[in-house]
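J.: Attaching a single structure in structure tokens format; questions to follow.
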Amino acid sequence: REEEKATNKKTIKDAQAAKTAVQAAISVLQDFYTKASTATALMQGQRAQPKDKQWGLKKEVKMGSDEWNSLANPGSEGVDTGHKEGMQTFGDVYQGAQDEAGGVLALLEVVESDFGTLEADTSVSETEAQKAYETFMAESKKNQAVKEKKIRMNTSDVASANAKLTEDIADLKASQDQLLAANRYYD
């Protein structure tokens, strides 16, 4: 019974810890998907264009540089000068996999529910097993007490019967002695 009790206690503790962890994961994912519509992950923000800047006009390019020459020759491969102001480097805003979010969250909610069910079932099982154990122990003690009382009574009866037997044997001997004496007298 002690081994079963320890196993149930460990199962309940593990289920509670797992349920807490899944709840934390659900919270994190819900927070992520809630904030995902405004998220700009992997993206550099666009800066406001100055009013005097015109489309295509670059004031930082020096005449005679490789970049100047590549801008002057549209057919050339150009020079990669890295990030340019206002240019998006990683595409549109990442809003998360909103369509799949329901599936992941639903799966985690099922897992959380399963851990809750496991905890509840194990608690009920432990309670029933403890009640059955207590009932068994009470009946066992009652049966033991009844049997001990019966043993004491039987022992007492045996002692009484032995005493009666001894008395009866003494009476029998006395009666036999009297019979022998009477037979001798009448013979």
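A note on labels: chains of the structure tokens are A, B, ... as shown, every chain counts residues from 1, and ligands are counted from 1 in their shown order.
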With only C-alpha atoms as the counted atoms, please give the residues lying no more than 10 Å from Ala25 of chain A, apart from itself and same-chain residues fewer than 5 positions off, as a PyMOL selection string.

T.: chain A and resi 19-20+30-31+105+108-109

J.: Would you list the contacts of Gly116 of chain A as a list of chain:residue names, taking every protein, DNA or RNA residue within 8 Å and counting only C-alpha atoms, but skipping same-chain residues closer than 4 positions in sequence?

T.: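 Final neighbour list, sorted by chain and number: A:Ala15, A:Gln16, A:Lys19, A:Glu112, A:Ala120.
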
J.: Based on the selection just made, write N, CA and C atoms of those residues as a tab-separated table (two decimals), in the first residue's frame.

T.:
chain	number	residue	atom	x	y	z
A	15	ALA	N	2.11	15.38	-12.74
A	15	ALA	CA	1.00	15.90	-13.55
A	15	ALA	C	0.78	17.38	-13.28
A	16	GLN	N	0.89	17.78	-12.01
A	16	GLN	CA	0.72	19.20	-11.67
A	16	GLN	C	1.83	20.04	-12.28
A	19	LYS	N	1.27	20.19	-16.05
A	19	LYS	CA	0.14	21.06	-16.34
A	19	LYS	C	0.55	22.53	-16.22
A	112	GLU	N	-2.92	19.91	-21.81
A	112	GLU	CA	-3.18	20.44	-20.47
A	112	GLU	C	-4.38	19.73	-19.84
A	120	ALA	N	-6.60	14.33	-11.70
A	120	ALA	CA	-7.88	14.07	-11.03
A	120	ALA	C	-8.12	12.57	-10.87

J.: Go ahead and compute the interatomic distance for atom CA of Phe115 of chain A and atom CA of Thr7 of chain A, in Å to one decimal.

T.: 15.9 Å

J.: Need to verify the contact set: Arg1 of chain A, 12 Å, only C-alpha atoms, exclusion of same-chain residues closer than 6 positions in sequence. Can you return it as a ChimeraX atom specification?

T.: /A:7-8,126,129-134,136-137

J.: Create the file for the chosen residues now, containing all heavy atoms and written as a tab-separated table (two decimals), in the first residue's frame.

T.:
chain	number	residue	atom	x	y	z
A	7	THR	N	3.75	6.03	-5.40
A	7	THR	CA	3.62	6.14	-6.86
A	7	THR	C	2.54	7.14	-7.23
A	7	THR	O	2.74	7.99	-8.11
A	7	THR	CB	3.30	4.76	-7.47
A	7	THR	OG1	4.33	3.85	-7.13
A	7	THR	CG2	3.17	4.84	-8.98
A	8	ASN	N	1.40	7.07	-6.57
A	8	ASN	CA	0.30	8.00	-6.84
A	8	ASN	C	0.70	9.43	-6.50
A	8	ASN	O	0.39	10.36	-7.24
A	8	ASN	CB	-0.96	7.60	-6.05
A	8	ASN	CG	-1.63	6.38	-6.63
A	8	ASN	OD1	-1.41	6.01	-7.77
A	8	ASN	ND2	-2.46	5.74	-5.83
A	126	GLU	N	-6.32	7.27	-5.66
A	126	GLU	CA	-5.61	7.26	-4.37
A	126	GLU	C	-6.60	7.31	-3.22
A	126	GLU	O	-6.47	6.57	-2.23
A	126	GLU	CB	-4.62	8.42	-4.29
A	126	GLU	CG	-3.97	8.59	-2.93
A	126	GLU	CD	-3.13	7.40	-2.49
A	126	GLU	OE1	-2.66	6.63	-3.35
A	126	GLU	OE2	-2.96	7.22	-1.27
A	129	ALA	N	-8.35	3.94	-3.02
A	129	ALA	CA	-7.42	2.92	-2.52
A	129	ALA	C	-7.18	3.10	-1.02
A	129	ALA	O	-7.13	2.12	-0.27
A	129	ALA	CB	-6.10	2.97	-3.28
A	130	GLN	N	-7.04	4.34	-0.57
A	130	GLN	CA	-6.85	4.61	0.86
A	130	GLN	C	-8.08	4.20	1.66
A	130	GLN	O	-7.97	3.59	2.72
A	130	GLN	CB	-6.54	6.10	1.09
A	130	GLN	CG	-6.25	6.46	2.53
A	130	GLN	CD	-4.97	5.81	3.06
A	130	GLN	OE1	-4.02	5.57	2.32
A	130	GLN	NE2	-4.96	5.51	4.34
A	131	LYS	N	-9.27	4.50	1.12
A	131	LYS	CA	-10.51	4.12	1.80
A	131	LYS	C	-10.63	2.60	1.87
A	131	LYS	O	-10.98	2.05	2.91
A	131	LYS	CB	-11.71	4.71	1.06
A	131	LYS	CG	-13.02	4.48	1.74
A	131	LYS	CD	-14.16	5.16	1.01
A	131	LYS	CE	-15.48	4.90	1.70
A	131	LYS	NZ	-16.60	5.53	0.99
A	132	ALA	N	-10.32	1.91	0.76
A	132	ALA	CA	-10.37	0.45	0.74
A	132	ALA	C	-9.36	-0.13	1.74
A	132	ALA	O	-9.66	-1.10	2.44
A	132	ALA	CB	-10.09	-0.08	-0.66
A	133	TYR	N	-8.18	0.47	1.80
A	133	TYR	CA	-7.15	0.02	2.74
A	133	TYR	C	-7.64	0.19	4.18
A	133	TYR	O	-7.49	-0.72	5.01
A	133	TYR	CB	-5.86	0.81	2.51
A	133	TYR	CG	-4.79	0.55	3.54
A	133	TYR	CD1	-4.05	-0.62	3.53
A	133	TYR	CD2	-4.53	1.49	4.53
A	133	TYR	CE1	-3.07	-0.86	4.49
A	133	TYR	CE2	-3.55	1.27	5.49
A	133	TYR	CZ	-2.82	0.09	5.46
A	133	TYR	OH	-1.86	-0.14	6.40
A	134	GLU	N	-8.21	1.35	4.49
A	134	GLU	CA	-8.70	1.61	5.84
A	134	GLU	C	-9.83	0.66	6.21
A	134	GLU	O	-9.90	0.15	7.33
A	134	GLU	CB	-9.13	3.07	5.99
A	134	GLU	CG	-7.96	4.03	5.98
A	134	GLU	CD	-8.37	5.49	5.89
A	134	GLU	OE1	-9.58	5.79	5.78
A	134	GLU	OE2	-7.45	6.34	5.92
A	136	PHE	N	-10.32	-2.36	4.91
A	136	PHE	CA	-9.70	-3.67	5.07
A	136	PHE	C	-9.02	-3.79	6.43
A	136	PHE	O	-9.15	-4.80	7.12
A	136	PHE	CB	-8.68	-3.91	3.94
A	136	PHE	CG	-7.85	-5.14	4.13
A	136	PHE	CD1	-8.38	-6.40	3.90
A	136	PHE	CD2	-6.52	-5.04	4.55
A	136	PHE	CE1	-7.62	-7.54	4.09
A	136	PHE	CE2	-5.75	-6.17	4.75
A	136	PHE	CZ	-6.30	-7.44	4.52
A	137	MET	N	-8.27	-2.74	6.81
A	137	MET	CA	-7.57	-2.78	8.09
A	137	MET	C	-8.56	-2.83	9.25
A	137	MET	O	-8.35	-3.56	10.23
A	137	MET	CB	-6.64	-1.57	8.24
A	137	MET	CG	-5.44	-1.61	7.30
A	137	MET	SD	-4.45	-3.11	7.45
A	137	MET	CE	-3.74	-2.89	9.07

J.: Have a look at atom CA of Asp121 of chain A and atom CA of Gln23 of chain A and let me know their distance in Å, one decimal.

T.: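 Computed distance, atom CA of Asp121 of chain A to atom CA of Gln23 of chain A, equals 19.4 Å.
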